[in-house]
file start32.pdb (PDB, C-alpha atoms)
ATOM      1  CA  MET A   1      -7.256 133.569 108.576
ATOM      2  CA  THR A   2      -5.418 135.413 105.828
ATOM      3  CA  LYS A   3      -3.779 137.647 108.422
ATOM      4  CA  ASN A   4      -2.555 134.661 110.461
ATOM      5  CA  LYS A   5      -1.247 132.991 107.332
ATOM      6  CA  SER A   6       0.557 136.180 106.329
ATOM      7  CA  SER A   7       2.035 136.444 109.825
ATOM      8  CA  ARG A   8       3.296 132.855 109.691
ATOM      9  CA  LEU A   9       4.829 133.441 106.261
ATOM     10  CA  SER A  10       6.522 136.602 107.540
ATOM     11  CA  ALA A  11       7.941 134.742 110.555
ATOM     12  CA  PHE A  12       9.108 131.903 108.311
ATOM     13  CA  GLY A  13      10.729 134.369 105.924
ATOM     14  CA  SER A  14      12.550 136.122 108.769
ATOM     15  CA  ARG A  15      13.796 132.814 110.154
ATOM     16  CA  LEU A  16      14.861 131.657 106.688
ATOM     17  CA  THR A  17      16.783 134.901 106.168
ATOM     18  CA  THR A  18      18.503 134.397 109.519
ATOM     19  CA  VAL A  19      19.459 130.797 108.683
ATOM     20  CA  ILE A  20      20.859 131.764 105.276
ATOM     21  CA  SER A  21      22.846 134.681 106.716
ATOM     22  CA  VAL A  22      24.319 132.561 109.507
ATOM     23  CA  THR A  23      25.085 129.726 107.082
ATOM     24  CA  LEU A  24      27.091 132.022 104.807
ATOM     25  CA  VAL A  25      29.027 133.440 107.746
ATOM     26  CA  LEU A  26      29.765 129.998 109.199
ATOM     27  CA  LEU A  27      30.780 128.735 105.779
ATOM     28  CA  ILE A  28      33.343 131.528 105.419
ATOM     29  CA  LEU A  29      34.618 130.825 108.936
ATOM     30  CA  GLY A  30      34.886 127.140 108.035
ATOM     31  CA  ILE A  31      36.862 127.963 104.893
ATOM     32  CA  ILE A  32      39.250 130.080 106.976
ATOM     33  CA  ALA A  33      39.614 127.211 109.458
ATOM     34  CA  MET A  34      40.362 124.771 106.633
ATOM     35  CA  ALA A  35      42.898 127.227 105.216
ATOM     36  CA  GLY A  36      44.512 127.269 108.651
ATOM     37  CA  LEU A  37      44.620 123.465 108.667
ATOM     38  CA  LEU A  38      46.234 123.489 105.226
ATOM     39  CA  ALA A  39      48.809 126.028 106.426
ATOM     40  CA  ARG A  40      49.531 123.939 109.518
ATOM     41  CA  SER A  41      49.877 120.784 107.438
ATOM     42  CA  GLY A  42      52.218 122.544 105.033
ATOM     43  CA  ALA A  43      54.257 123.877 107.943
ATOM     44  CA  GLU A  44      54.539 120.406 109.456
ATOM     45  CA  GLN A  45      55.628 119.064 106.081
ATOM     46  CA  ILE A  46      58.309 121.744 105.848
ATOM     47  CA  ARG A  47      59.419 121.159 109.440
ATOM     48  CA  SER A  48      59.651 117.420 108.804
ATOM     49  CA  ASN A  49      62.315 118.201 106.176
ATOM     50  CA  MET A  50      64.319 120.440 108.495
ATOM     51  CA  GLY A  51      67.537 119.185 109.928
ATOM     52  CA  PHE A  52      71.290 119.294 109.494
ATOM     53  CA  ILE A  53      74.218 117.447 107.959
ATOM     54  CA  VAL A  54      76.643 115.620 110.243
ATOM     55  CA  LYS A  55      80.025 115.221 108.557
ATOM     56  CA  VAL A  56      82.102 112.423 110.058
ATOM     57  CA  GLN A  57      85.879 112.562 110.346
ATOM     58  CA  ARG A  58      87.417 111.326 107.104
ATOM     59  CA  ASP A  59      89.669 108.879 108.942
ATOM     60  CA  ALA A  60      86.941 107.676 111.306
ATOM     61  CA  ALA A  61      87.107 103.946 112.003
ATOM     62  CA  PRO A  62      84.209 101.723 110.871
ATOM     63  CA  ASP A  63      83.372 101.099 114.528
ATOM     64  CA  GLU A  64      82.884 104.834 115.073
ATOM     65  CA  ILE A  65      80.610 105.086 112.034
ATOM     66  CA  ASN A  66      78.577 102.080 113.220
ATOM     67  CA  ARG A  67      78.287 103.695 116.642
ATOM     68  CA  LEU A  68      76.867 106.864 115.081
ATOM     69  CA  LYS A  69      74.484 104.782 112.961
ATOM     70  CA  GLN A  70      73.041 103.309 116.145
ATOM     71  CA  GLN A  71      73.290 106.413 118.321
ATOM     72  CA  LEU A  72      71.836 109.158 116.110
ATOM     73  CA  PRO A  73      68.406 107.546 115.530
ATOM     74  CA  GLU A  74      67.986 107.026 119.286
ATOM     75  CA  TYR A  75      68.045 110.727 120.149
ATOM     76  CA  PRO A  76      64.581 112.195 120.897
ATOM     77  CA  PHE A  77      65.104 114.978 118.351
ATOM     78  CA  THR A  78      65.826 112.597 115.448
ATOM     79  CA  ALA A  79      63.074 111.854 112.955
ATOM     80  CA  SER A  80      65.476 110.111 110.555
ATOM     81  CA  ALA A  81      69.220 109.749 110.066
ATOM     82  CA  VAL A  82      70.378 108.593 106.626
ATOM     83  CA  TYR A  83      74.015 107.594 106.210
ATOM     84  CA  ALA A  84      75.944 108.258 102.989
ATOM     85  CA  SER A  85      79.445 106.932 102.397
ATOM     86  CA  PRO A  86      82.045 109.007 100.509
ATOM     87  CA  GLU A  87      81.637 106.672  97.527
ATOM     88  CA  GLN A  88      77.862 107.155  97.514
ATOM     89  CA  ILE A  89      78.225 110.939  97.706
ATOM     90  CA  LEU A  90      80.725 110.924  94.836
ATOM     91  CA  HIS A  91      78.379 108.746  92.778
ATOM     92  CA  ASP A  92      75.425 111.045  93.441
ATOM     93  CA  GLU A  93      77.543 114.068  92.536
ATOM     94  CA  SER A  94      78.514 112.430  89.250
ATOM     95  CA  GLN A  95      74.867 111.809  88.397
ATOM     96  CA  TYR A  96      73.988 115.387  89.264
ATOM     97  CA  LEU A  97      76.770 116.840  87.109
ATOM     98  CA  GLY A  98      76.260 114.357  84.288
ATOM     99  CA  GLU A  99      79.971 113.565  84.306
ATOM    100  CA  ASP A 100      82.191 111.124  86.129
ATOM    101  CA  ALA A 101      83.422 113.180  89.071
ATOM    102  CA  ALA A 102      85.984 110.481  89.936
ATOM    103  CA  GLU A 103      87.826 111.182  86.680
ATOM    104  CA  MET A 104      87.839 114.919  87.381
ATOM    105  CA  LEU A 105      89.268 114.514  90.882
ATOM    106  CA  ASP A 106      92.432 112.704  91.923
ATOM    107  CA  ILE A 107      90.976 111.786  95.305
ATOM    108  CA  ASN A 108      87.528 111.535  96.825
ATOM    109  CA  PRO A 109      87.151 114.812  98.781
ATOM    110  CA  TYR A 110      83.945 113.851 100.566
ATOM    111  CA  ASN A 111      83.584 112.780 104.174
ATOM    112  CA  PRO A 112      81.086 110.211 105.376
ATOM    113  CA  GLU A 113      77.966 112.036 106.465
ATOM    114  CA  PHE A 114      74.521 111.673 107.990
ATOM    115  CA  ASP A 115      71.485 113.578 106.752
ATOM    116  CA  VAL A 116      69.557 114.104 109.998
ATOM    117  CA  LYS A 117      65.919 115.255 109.986
ATOM    118  CA  VAL A 118      64.524 116.520 113.279
ATOM    119  CA  THR A 119      61.033 116.077 114.689
ATOM    120  CA  PRO A 120      58.658 119.087 114.430
ATOM    121  CA  ALA A 121      59.098 119.832 118.148
ATOM    122  CA  TYR A 122      62.805 120.555 117.555
ATOM    123  CA  ALA A 123      62.387 122.377 114.229
ATOM    124  CA  SER A 124      63.565 125.763 115.456
ATOM    125  CA  ALA A 125      66.862 127.589 115.160
ATOM    126  CA  ASP A 126      67.493 127.557 118.932
ATOM    127  CA  SER A 127      66.780 123.841 119.268
ATOM    128  CA  ILE A 128      68.971 122.893 116.322
ATOM    129  CA  GLU A 129      71.798 125.094 117.631
ATOM    130  CA  ALA A 130      71.570 123.322 120.994
ATOM    131  CA  ILE A 131      71.674 119.970 119.190
ATOM    132  CA  ARG A 132      74.683 121.105 117.152
ATOM    133  CA  GLN A 133      76.612 122.070 120.266
ATOM    134  CA  ARG A 134      75.768 118.746 121.857
ATOM    135  CA  LEU A 135      76.899 116.668 118.869
ATOM    136  CA  ALA A 136      79.981 118.787 118.167
ATOM    137  CA  ALA A 137      81.617 117.348 121.286
ATOM    138  CA  ASP A 138      81.712 113.894 119.679
ATOM    139  CA  PRO A 139      85.308 113.225 118.504
ATOM    140  CA  ALA A 140      84.087 111.205 115.507
ATOM    141  CA  ILE A 141      82.207 114.218 114.106
ATOM    142  CA  ASP A 142      84.134 116.684 111.970
ATOM    143  CA  GLU A 143      81.466 119.301 111.186
ATOM    144  CA  ILE A 144      77.738 119.943 111.527
ATOM    145  CA  ILE A 145      76.127 122.002 108.788
ATOM    146  CA  THR A 146      72.894 123.817 109.636
ATOM    147  CA  ALA A 147      70.761 126.493 107.965
ATOM    148  CA  PRO A 148      69.419 128.627 110.850
ATOM    149  CA  SER A 149      68.177 131.457 108.612
ATOM    150  CA  THR A 150      65.996 129.087 106.595
ATOM    151  CA  ILE A 151      64.480 127.607 109.752
ATOM    152  CA  THR A 152      63.830 131.053 111.229
ATOM    153  CA  ASN A 153      62.193 132.302 108.016
ATOM    154  CA  VAL A 154      59.915 129.266 107.801
ATOM    155  CA  ASN A 155      58.783 129.589 111.422
ATOM    156  CA  PHE A 156      58.242 133.341 110.988
ATOM    157  CA  PHE A 157      56.156 132.750 107.866
ATOM    158  CA  VAL A 158      54.017 130.107 109.597
ATOM    159  CA  SER A 159      53.490 132.363 112.621
ATOM    160  CA  ARG A 160      52.544 135.322 110.407
ATOM    161  CA  ILE A 161      50.030 133.259 108.414
ATOM    162  CA  THR A 162      48.476 131.941 111.638
ATOM    163  CA  TRP A 163      47.998 135.422 113.087
ATOM    164  CA  ILE A 164      46.600 136.774 109.819
ATOM    165  CA  LEU A 165      44.007 133.978 109.643
ATOM    166  CA  LEU A 166      43.066 134.495 113.292
ATOM    167  CA  GLY A 167      42.701 138.232 112.709
ATOM    168  CA  ILE A 168      40.484 137.703 109.671
ATOM    169  CA  ALA A 169      38.367 135.163 111.549
ATOM    170  CA  GLY A 170      37.995 137.484 114.555
ATOM    171  CA  ALA A 171      37.035 140.492 112.433
ATOM    172  CA  LEU A 172      34.611 138.421 110.391
ATOM    173  CA  LEU A 173      33.043 136.999 113.542
ATOM    174  CA  LEU A 174      32.518 140.485 114.962
ATOM    175  CA  ILE A 175      31.036 141.872 111.742
ATOM    176  CA  SER A 176      28.862 138.821 111.256
ATOM    177  CA  PHE A 177      27.489 139.068 114.784
ATOM    178  CA  VAL A 178      26.436 142.669 114.178
ATOM    179  CA  LEU A 179      24.704 141.719 110.910
ATOM    180  CA  ILE A 180      23.064 138.616 112.370
ATOM    181  CA  ASN A 181      21.985 140.562 115.452
ATOM    182  CA  ASN A 182      20.182 143.046 113.185
ATOM    183  CA  THR A 183      18.531 140.186 111.278
ATOM    184  CA  VAL A 184      17.345 138.503 114.481
ATOM    185  CA  TYR A 185      16.244 141.855 115.861
ATOM    186  CA  LEU A 186      13.953 142.363 112.848
ATOM    187  CA  ALA A 187      12.532 138.873 113.343
ATOM    188  CA  VAL A 188      11.760 139.610 117.008
ATOM    189  CA  TYR A 189      10.479 143.081 116.121
ATOM    190  CA  SER A 190       7.568 141.565 114.223
ATOM    191  CA  ARG A 191       6.484 139.779 117.432
ATOM    192  CA  ARG A 192       7.008 142.628 119.880
ATOM    193  CA  PHE A 193       3.285 143.022 120.626
ATOM    194  CA  ILE A 194       3.055 139.318 121.488
ATOM    195  CA  ILE A 195       5.852 139.886 124.008
ATOM    196  CA  HIS A 196       3.964 142.842 125.474
ATOM    197  CA  THR A 197       0.708 140.844 125.685
ATOM    198  CA  MET A 198       2.489 137.994 127.491
ATOM    199  CA  LYS A 199       3.879 140.528 129.975
ATOM    200  CA  LEU A 200       0.351 141.841 130.622
ATOM    201  CA  VAL A 201      -1.003 138.379 131.471
ATOM    202  CA  GLY A 202       1.803 137.826 133.988
ATOM    203  CA  ALA A 203       4.303 135.734 132.038
ATOM    204  CA  THR A 204       7.771 135.810 133.547
ATOM    205  CA  PRO A 205      10.728 137.105 131.484
ATOM    206  CA  GLY A 206      12.212 133.608 131.421
ATOM    207  CA  PHE A 207       8.980 132.132 130.068
ATOM    208  CA  ILE A 208       8.740 134.837 127.376
ATOM    209  CA  ARG A 209      12.405 134.514 126.455
ATOM    210  CA  ARG A 210      12.419 130.705 126.185
ATOM    211  CA  PRO A 211      10.739 130.246 122.762
ATOM    212  CA  PHE A 212      12.941 132.912 121.191
ATOM    213  CA  LEU A 213      16.058 131.276 122.592
ATOM    214  CA  LEU A 214      14.915 127.861 121.373
ATOM    215  CA  ALA A 215      14.263 129.354 117.949
ATOM    216  CA  GLY A 216      17.780 130.824 118.019
ATOM    217  CA  VAL A 217      19.272 127.453 118.936
ATOM    218  CA  ALA A 218      17.316 125.782 116.124
ATOM    219  CA  SER A 219      18.362 128.420 113.593
ATOM    220  CA  GLY A 220      22.014 128.175 114.621
ATOM    221  CA  LEU A 221      21.912 124.380 114.518
ATOM    222  CA  VAL A 222      20.362 124.300 111.050
ATOM    223  CA  ALA A 223      22.772 126.939 109.745
ATOM    224  CA  GLY A 224      25.736 125.083 111.235
ATOM    225  CA  ALA A 225      24.576 121.784 109.764
ATOM    226  CA  LEU A 226      24.227 123.353 106.308
ATOM    227  CA  ALA A 227      27.700 124.914 106.530
ATOM    228  CA  VAL A 228      29.219 121.609 107.709
ATOM    229  CA  ALA A 229      27.513 119.731 104.862
ATOM    230  CA  VAL A 230      28.953 122.148 102.289
ATOM    231  CA  LEU A 231      32.442 121.871 103.807
ATOM    232  CA  ALA A 232      32.268 118.056 103.929
ATOM    233  CA  CYS A 233      31.165 117.888 100.282
ATOM    234  CA  SER A 234      33.981 120.283  99.375
ATOM    235  CA  GLN A 235      36.472 118.063 101.190
ATOM    236  CA  PHE A 236      35.254 114.977  99.293
ATOM    237  CA  TRP A 237      35.425 116.855  96.005
ATOM    238  CA  LEU A 238      38.919 118.240  96.636
ATOM    239  CA  ALA A 239      40.162 114.823  97.771
ATOM    240  CA  SER A 240      38.846 113.296  94.548
ATOM    241  CA  LEU A 241      40.795 115.894  92.557
ATOM    242  CA  ASP A 242      44.044 115.558  94.500
ATOM    243  CA  PRO A 243      44.792 113.108  97.364
ATOM    244  CA  MET A 244      47.025 115.812  98.858
ATOM    245  CA  PHE A 245      43.958 117.524 100.311
ATOM    246  CA  GLU A 246      42.891 114.340 102.097
ATOM    247  CA  GLN A 247      46.387 113.989 103.552
ATOM    248  CA  ALA A 248      46.612 117.658 104.502
ATOM    249  CA  ILE A 249      43.211 117.880 106.228
ATOM    250  CA  HIS A 250      42.538 114.785 108.298
ATOM    251  CA  TRP A 251      38.983 113.816 109.106
ATOM    252  CA  PRO A 252      39.440 114.190 112.910
ATOM    253  CA  ASP A 253      40.516 117.790 112.294
ATOM    254  CA  LEU A 254      37.512 118.322 110.025
ATOM    255  CA  LEU A 255      35.250 116.917 112.749
ATOM    256  CA  MET A 256      36.693 119.416 115.232
ATOM    257  CA  VAL A 257      36.090 122.253 112.763
ATOM    258  CA  SER A 258      32.529 121.000 112.218
ATOM    259  CA  ALA A 259      31.863 120.902 115.959
ATOM    260  CA  GLY A 260      33.239 124.440 116.272
ATOM    261  CA  ILE A 261      31.021 125.654 113.435
ATOM    262  CA  LEU A 262      27.904 124.118 114.995
ATOM    263  CA  LEU A 263      28.735 125.593 118.407
ATOM    264  CA  THR A 264      29.489 129.017 116.913
ATOM    265  CA  GLY A 265      26.206 129.053 115.003
ATOM    266  CA  ILE A 266      24.216 128.141 118.100
ATOM    267  CA  LEU A 267      26.008 130.708 120.276
ATOM    268  CA  ILE A 268      25.634 133.546 117.766
ATOM    269  CA  CYS A 269      21.935 132.971 117.138
ATOM    270  CA  THR A 270      21.102 132.338 120.810
ATOM    271  CA  LEU A 271      22.967 135.423 121.994
ATOM    272  CA  ALA A 272      21.388 137.585 119.289
ATOM    273  CA  SER A 273      17.922 136.280 120.207
ATOM    274  CA  ALA A 274      18.526 136.963 123.906
ATOM    275  CA  LEU A 275      19.680 140.530 123.258
ATOM    276  CA  ALA A 276      16.755 141.300 120.937
ATOM    277  CA  THR A 277      14.174 139.769 123.288
ATOM    278  CA  ASN A 278      15.558 141.535 126.357
ATOM    279  CA  ARG A 279      15.264 144.838 124.545
ATOM    280  CA  TYR A 280      11.520 144.456 124.085
ATOM    281  CA  LEU A 281      11.070 143.025 127.560
ATOM    282  CA  ARG A 282      12.292 146.342 128.937
ATOM    283  CA  GLN A 283      10.109 148.497 126.673
ATOM    284  CA  GLY A 284       6.708 149.897 127.507
ATOM    285  CA  TYR A 285       3.640 149.875 125.237
ATOM    286  CA  ASP A 286       4.278 153.307 123.712
ATOM    287  CA  GLU A 287       7.856 152.405 122.923
ATOM    288  CA  MET A 288       6.650 149.395 120.943
ATOM    289  CA  PHE A 289       5.661 151.729 118.115
ATOM    290  CA  MET A 290       9.230 152.998 117.740
ATOM    291  CA  LYS A 291      11.982 150.990 116.023
TER     292      LYS A 291
END

call {"tool": "encode", "arguments": {"input": "start32.pdb", "output": "structure tokens"}}
result
Amino acid sequence: MTKNKSSRLSAFGSRLTTVISVTLVLLILGIIAMAGLLARSGAEQIRSNMGFIVKVQRDAAPDEINRLKQQLPEYPFTASAVYASPEQILHDESQYLGEDAAEMLDINPYNPEFDVKVTPAYASADSIEAIRQRLAADPAIDEIITAPSTITNVNFFVSRITWILLGIAGALLLISFVLINNTVYLAVYSRRFIIHTMKLVGATPGFIRRPFLLAGVASGLVAGALAVAVLACSQFWLASLDPMFEQAIHWPDLLMVSAGILLTGILICTLASALATNRYLRQGYDEMFMK
């Protein structure tokens, strides 16, 4: 009786160790995924502010300006197009300088202009250059001011961050699988003689493997659920501190991350259980005494 109780406690301890190990790994993977979502949200925010300045001819007729007011927002690349008259620009410049710019200048040197923001799909240097060439053919437009180097640097930074996070996640997943595989292997090792006894009474490999695989699925599911619960609580806590986090990481995205964490936990534990069980299914009785 004491021996059976000790065996059950040992099995429970091994399974608990597996669940805790997998939970910590999945939690780190979830944090990396959330960091990726924050980086993507920040990149989208930056891209939403990308665009160019369309300077209209100084002597453009009001009809031409009204045409551009109607035409620019209708393009598929336009997220917004804000018009500023020469008087408005001069007024804003005066507020910025803290002096009356009209008194400093004999004439108003500013052209009417549109501040055009592009949609994220067109927030690249090549796309904006193509847009510039297209709009430059309009006779009412005097100049189009772009900042291709800024756009290129932002996209390069976002791409670099994405690849770094993917590399960290991949390396962590590989290392974690090795560690979890060793943990599961030790748990199966304590039951190796049960596997051998089941083989002697004619149990098929599938029948012997099934309870270990089910235990792996259960361990992965519990570990994934614990990791998801910690991430969800962290999201609530961060959102209570700053609403920016709630806007940056939307709940549908968090649900996708949670589903990925649960699936990853189940796959890791199930695969580790299958590998450990298959090892002892292939061993003979004498080999059972060797680690």

call {"tool": "closest_residue", "arguments": {"input": "start32.pdb", "among": "A:Thr150, A:Ser240, A:Asn182, A:Thr204", "to": "Ile46 (chain A)", "atoms": "all atoms listed in the file"}}
result
A:Thr150

call {"tool": "residues_around", "arguments": {"input": "start32.pdb", "residues": "Ala276 (chain A)", "least_positions_apart": "6", "cutoff": "8 Å", "atoms": "only C-alpha atoms", "output": "PyMOL selection string"}}
result
chain A and resi 181+184-185+188

call {"tool": "write_last_selection", "arguments": {"input": "start32.pdb", "atoms": "C-alpha atoms", "output": "JSON list (two decimals), in the coordinates of the input"}}
result
[["chain", "number", "residue", "atom", "x", "y", "z"],
["A", 181, "ASN", "CA", 21.98, 140.56, 115.45],
["A", 184, "VAL", "CA", 17.34, 138.50, 114.48],
["A", 185, "TYR", "CA", 16.24, 141.85, 115.86],
["A", 188, "VAL", "CA", 11.76, 139.61, 117.01]]

call {"tool": "closest_residue", "arguments": {"input": "start32.pdb", "among": "A:Leu135, A:Ala81, A:Glu143, A:Leu271", "to": "Ala215 (chain A)", "atoms": "only C-alpha atoms"}}
result
A:Leu271

call {"tool": "resolve_selection", "arguments": {"input": "start32.pdb", "expression": "the PyMOL selection byres ((chain A and resi 86) around 6)", "output": "list in words"}}
result
Ser85, Glu87, Gln88, Ile89, Tyr110, Asn111 and Pro112 of chain A

call {"tool": "closest_atom_pairs", "arguments": {"input": "start32.pdb", "of": "region 162-248 of chain A", "to": "region 25-36 of chain A", "cutoff": "9 Å", "atoms": "only C-alpha atoms", "output": "JSON lines"}}
result
{"residue": "A:Thr162", "atom": "CA", "partner": "A:Gly36", "partner_atom": "CA", "distance": 6.8}
{"residue": "A:Leu165", "atom": "CA", "partner": "A:Ile32", "partner_atom": "CA", "distance": 6.7}
{"residue": "A:Leu166", "atom": "CA", "partner": "A:Ile32", "partner_atom": "CA", "distance": 8.6}
{"residue": "A:Ile168", "atom": "CA", "partner": "A:Ile32", "partner_atom": "CA", "distance": 8.2}
{"residue": "A:Ala169", "atom": "CA", "partner": "A:Leu29", "partner_atom": "CA", "distance": 6.3}
{"residue": "A:Leu172", "atom": "CA", "partner": "A:Leu29", "partner_atom": "CA", "distance": 7.7}
{"residue": "A:Leu173", "atom": "CA", "partner": "A:Leu29", "partner_atom": "CA", "distance": 7.9}
{"residue": "A:Ser176", "atom": "CA", "partner": "A:Val25", "partner_atom": "CA", "distance": 6.4}
{"residue": "A:Ala223", "atom": "CA", "partner": "A:Leu26", "partner_atom": "CA", "distance": 7.7}
{"residue": "A:Gly224", "atom": "CA", "partner": "A:Leu26", "partner_atom": "CA", "distance": 6.7}
{"residue": "A:Leu226", "atom": "CA", "partner": "A:Leu27", "partner_atom": "CA", "distance": 8.5}
{"residue": "A:Ala227", "atom": "CA", "partner": "A:Leu27", "partner_atom": "CA", "distance": 5.0}
{"residue": "A:Val228", "atom": "CA", "partner": "A:Leu27", "partner_atom": "CA", "distance": 7.5}
{"residue": "A:Val230", "atom": "CA", "partner": "A:Leu27", "partner_atom": "CA", "distance": 7.7}
{"residue": "A:Leu231", "atom": "CA", "partner": "A:Gly30", "partner_atom": "CA", "distance": 7.2}

call {"tool": "write_last_selection", "arguments": {"input": "start32.pdb", "atoms": "C-alpha atoms", "output": "PDB file, keeping the file's coordinate frame"}}
result
ATOM      1  CA  THR A 162      48.476 131.941 111.638  1.00  0.00           C
ATOM      2  CA  LEU A 165      44.007 133.978 109.643  1.00  0.00           C
ATOM      3  CA  LEU A 166      43.066 134.495 113.292  1.00  0.00           C
ATOM      4  CA  ILE A 168      40.484 137.703 109.671  1.00  0.00           C
ATOM      5  CA  ALA A 169      38.367 135.163 111.549  1.00  0.00           C
ATOM      6  CA  LEU A 172      34.611 138.421 110.391  1.00  0.00           C
ATOM      7  CA  LEU A 173      33.043 136.999 113.542  1.00  0.00           C
ATOM      8  CA  SER A 176      28.862 138.821 111.256  1.00  0.00           C
ATOM      9  CA  ALA A 223      22.772 126.939 109.745  1.00  0.00           C
ATOM     10  CA  GLY A 224      25.736 125.083 111.235  1.00  0.00           C
ATOM     11  CA  LEU A 226      24.227 123.353 106.308  1.00  0.00           C
ATOM     12  CA  ALA A 227      27.700 124.914 106.530  1.00  0.00           C
ATOM     13  CA  VAL A 228      29.219 121.609 107.709  1.00  0.00           C
ATOM     14  CA  VAL A 230      28.953 122.148 102.289  1.00  0.00           C
ATOM     15  CA  LEU A 231      32.442 121.871 103.807  1.00  0.00           C
TER      16      LEU A 231
END

call {"tool": "residues_near_point", "arguments": {"input": "start32.pdb", "point": "(82.5, 110.1, 112.7)", "cutoff": "10 Å", "atoms": "all atoms listed in the file", "output": "MDAnalysis selection string"}}
result
chainID A and resid 54:69 111:114 138:143

call {"tool": "write_last_selection", "arguments": {"input": "start32.pdb", "atoms": "C-alpha atoms", "output": "PDB file, keeping the file's coordinate frame"}}
result
ATOM      1  CA  VAL A  54      76.643 115.620 110.243  1.00  0.00           C
ATOM      2  CA  LYS A  55      80.025 115.221 108.557  1.00  0.00           C
ATOM      3  CA  VAL A  56      82.102 112.423 110.058  1.00  0.00           C
ATOM      4  CA  GLN A  57      85.879 112.562 110.346  1.00  0.00           C
ATOM      5  CA  ARG A  58      87.417 111.326 107.104  1.00  0.00           C
ATOM      6  CA  ASP A  59      89.669 108.879 108.942  1.00  0.00           C
ATOM      7  CA  ALA A  60      86.941 107.676 111.306  1.00  0.00           C
ATOM      8  CA  ALA A  61      87.107 103.946 112.003  1.00  0.00           C
ATOM      9  CA  PRO A  62      84.209 101.723 110.871  1.00  0.00           C
ATOM     10  CA  ASP A  63      83.372 101.099 114.528  1.00  0.00           C
ATOM     11  CA  GLU A  64      82.884 104.834 115.073  1.00  0.00           C
ATOM     12  CA  ILE A  65      80.610 105.086 112.034  1.00  0.00           C
ATOM     13  CA  ASN A  66      78.577 102.080 113.220  1.00  0.00           C
ATOM     14  CA  ARG A  67      78.287 103.695 116.642  1.00  0.00           C
ATOM     15  CA  LEU A  68      76.867 106.864 115.081  1.00  0.00           C
ATOM     16  CA  LYS A  69      74.484 104.782 112.961  1.00  0.00           C
ATOM     17  CA  ASN A 111      83.584 112.780 104.174  1.00  0.00           C
ATOM     18  CA  PRO A 112      81.086 110.211 105.376  1.00  0.00           C
ATOM     19  CA  GLU A 113      77.966 112.036 106.465  1.00  0.00           C
ATOM     20  CA  PHE A 114      74.521 111.673 107.990  1.00  0.00           C
ATOM     21  CA  ASP A 138      81.712 113.894 119.679  1.00  0.00           C
ATOM     22  CA  PRO A 139      85.308 113.225 118.504  1.00  0.00           C
ATOM     23  CA  ALA A 140      84.087 111.205 115.507  1.00  0.00           C
ATOM     24  CA  ILE A 141      82.207 114.218 114.106  1.00  0.00           C
ATOM     25  CA  ASP A 142      84.134 116.684 111.970  1.00  0.00           C
ATOM     26  CA  GLU A 143      81.466 119.301 111.186  1.00  0.00           C
TER      27      GLU A 143
END

call {"tool": "residues_around", "arguments": {"input": "start32.pdb", "residues": "Tyr75 (chain A)", "least_positions_apart": "3", "cutoff": "12 Å", "atoms": "all atoms listed in the file", "output": "list of chain:residue names"}}
result
A:Leu68, A:Lys69, A:Gln70, A:Gln71, A:Leu72, A:Thr78, A:Ala79, A:Ser80, A:Ala81, A:Val116, A:Lys117, A:Val118, A:Thr119, A:Tyr122, A:Ile131, A:Arg134, A:Leu135

call {"tool": "closest_residue", "arguments": {"input": "start32.pdb", "among": "A:Met50, A:Cys269, A:Ile195, A:Ala229", "to": "Val154 (chain A)", "atoms": "all atoms listed in the file"}}
result
A:Met50

call {"tool": "closest_residue", "arguments": {"input": "start32.pdb", "among": "A:Ala84, A:Ile53, A:Ala125, A:Val178", "to": "Ile145 (chain A)", "atoms": "all atoms listed in the file"}}
result
A:Ile53

call {"tool": "closest_residue", "arguments": {"input": "start32.pdb", "among": "A:Tyr83, A:Phe193, A:Ser258, A:Asp115", "to": "Leu221 (chain A)", "atoms": "only C-alpha atoms"}}
result
A:Ser258

call {"tool": "atom_distance", "arguments": {"input": "start32.pdb", "atom1": "CA of Leu38 (chain A)", "atom2": "CA of Trp163 (chain A)"}}
result
14.4 Å
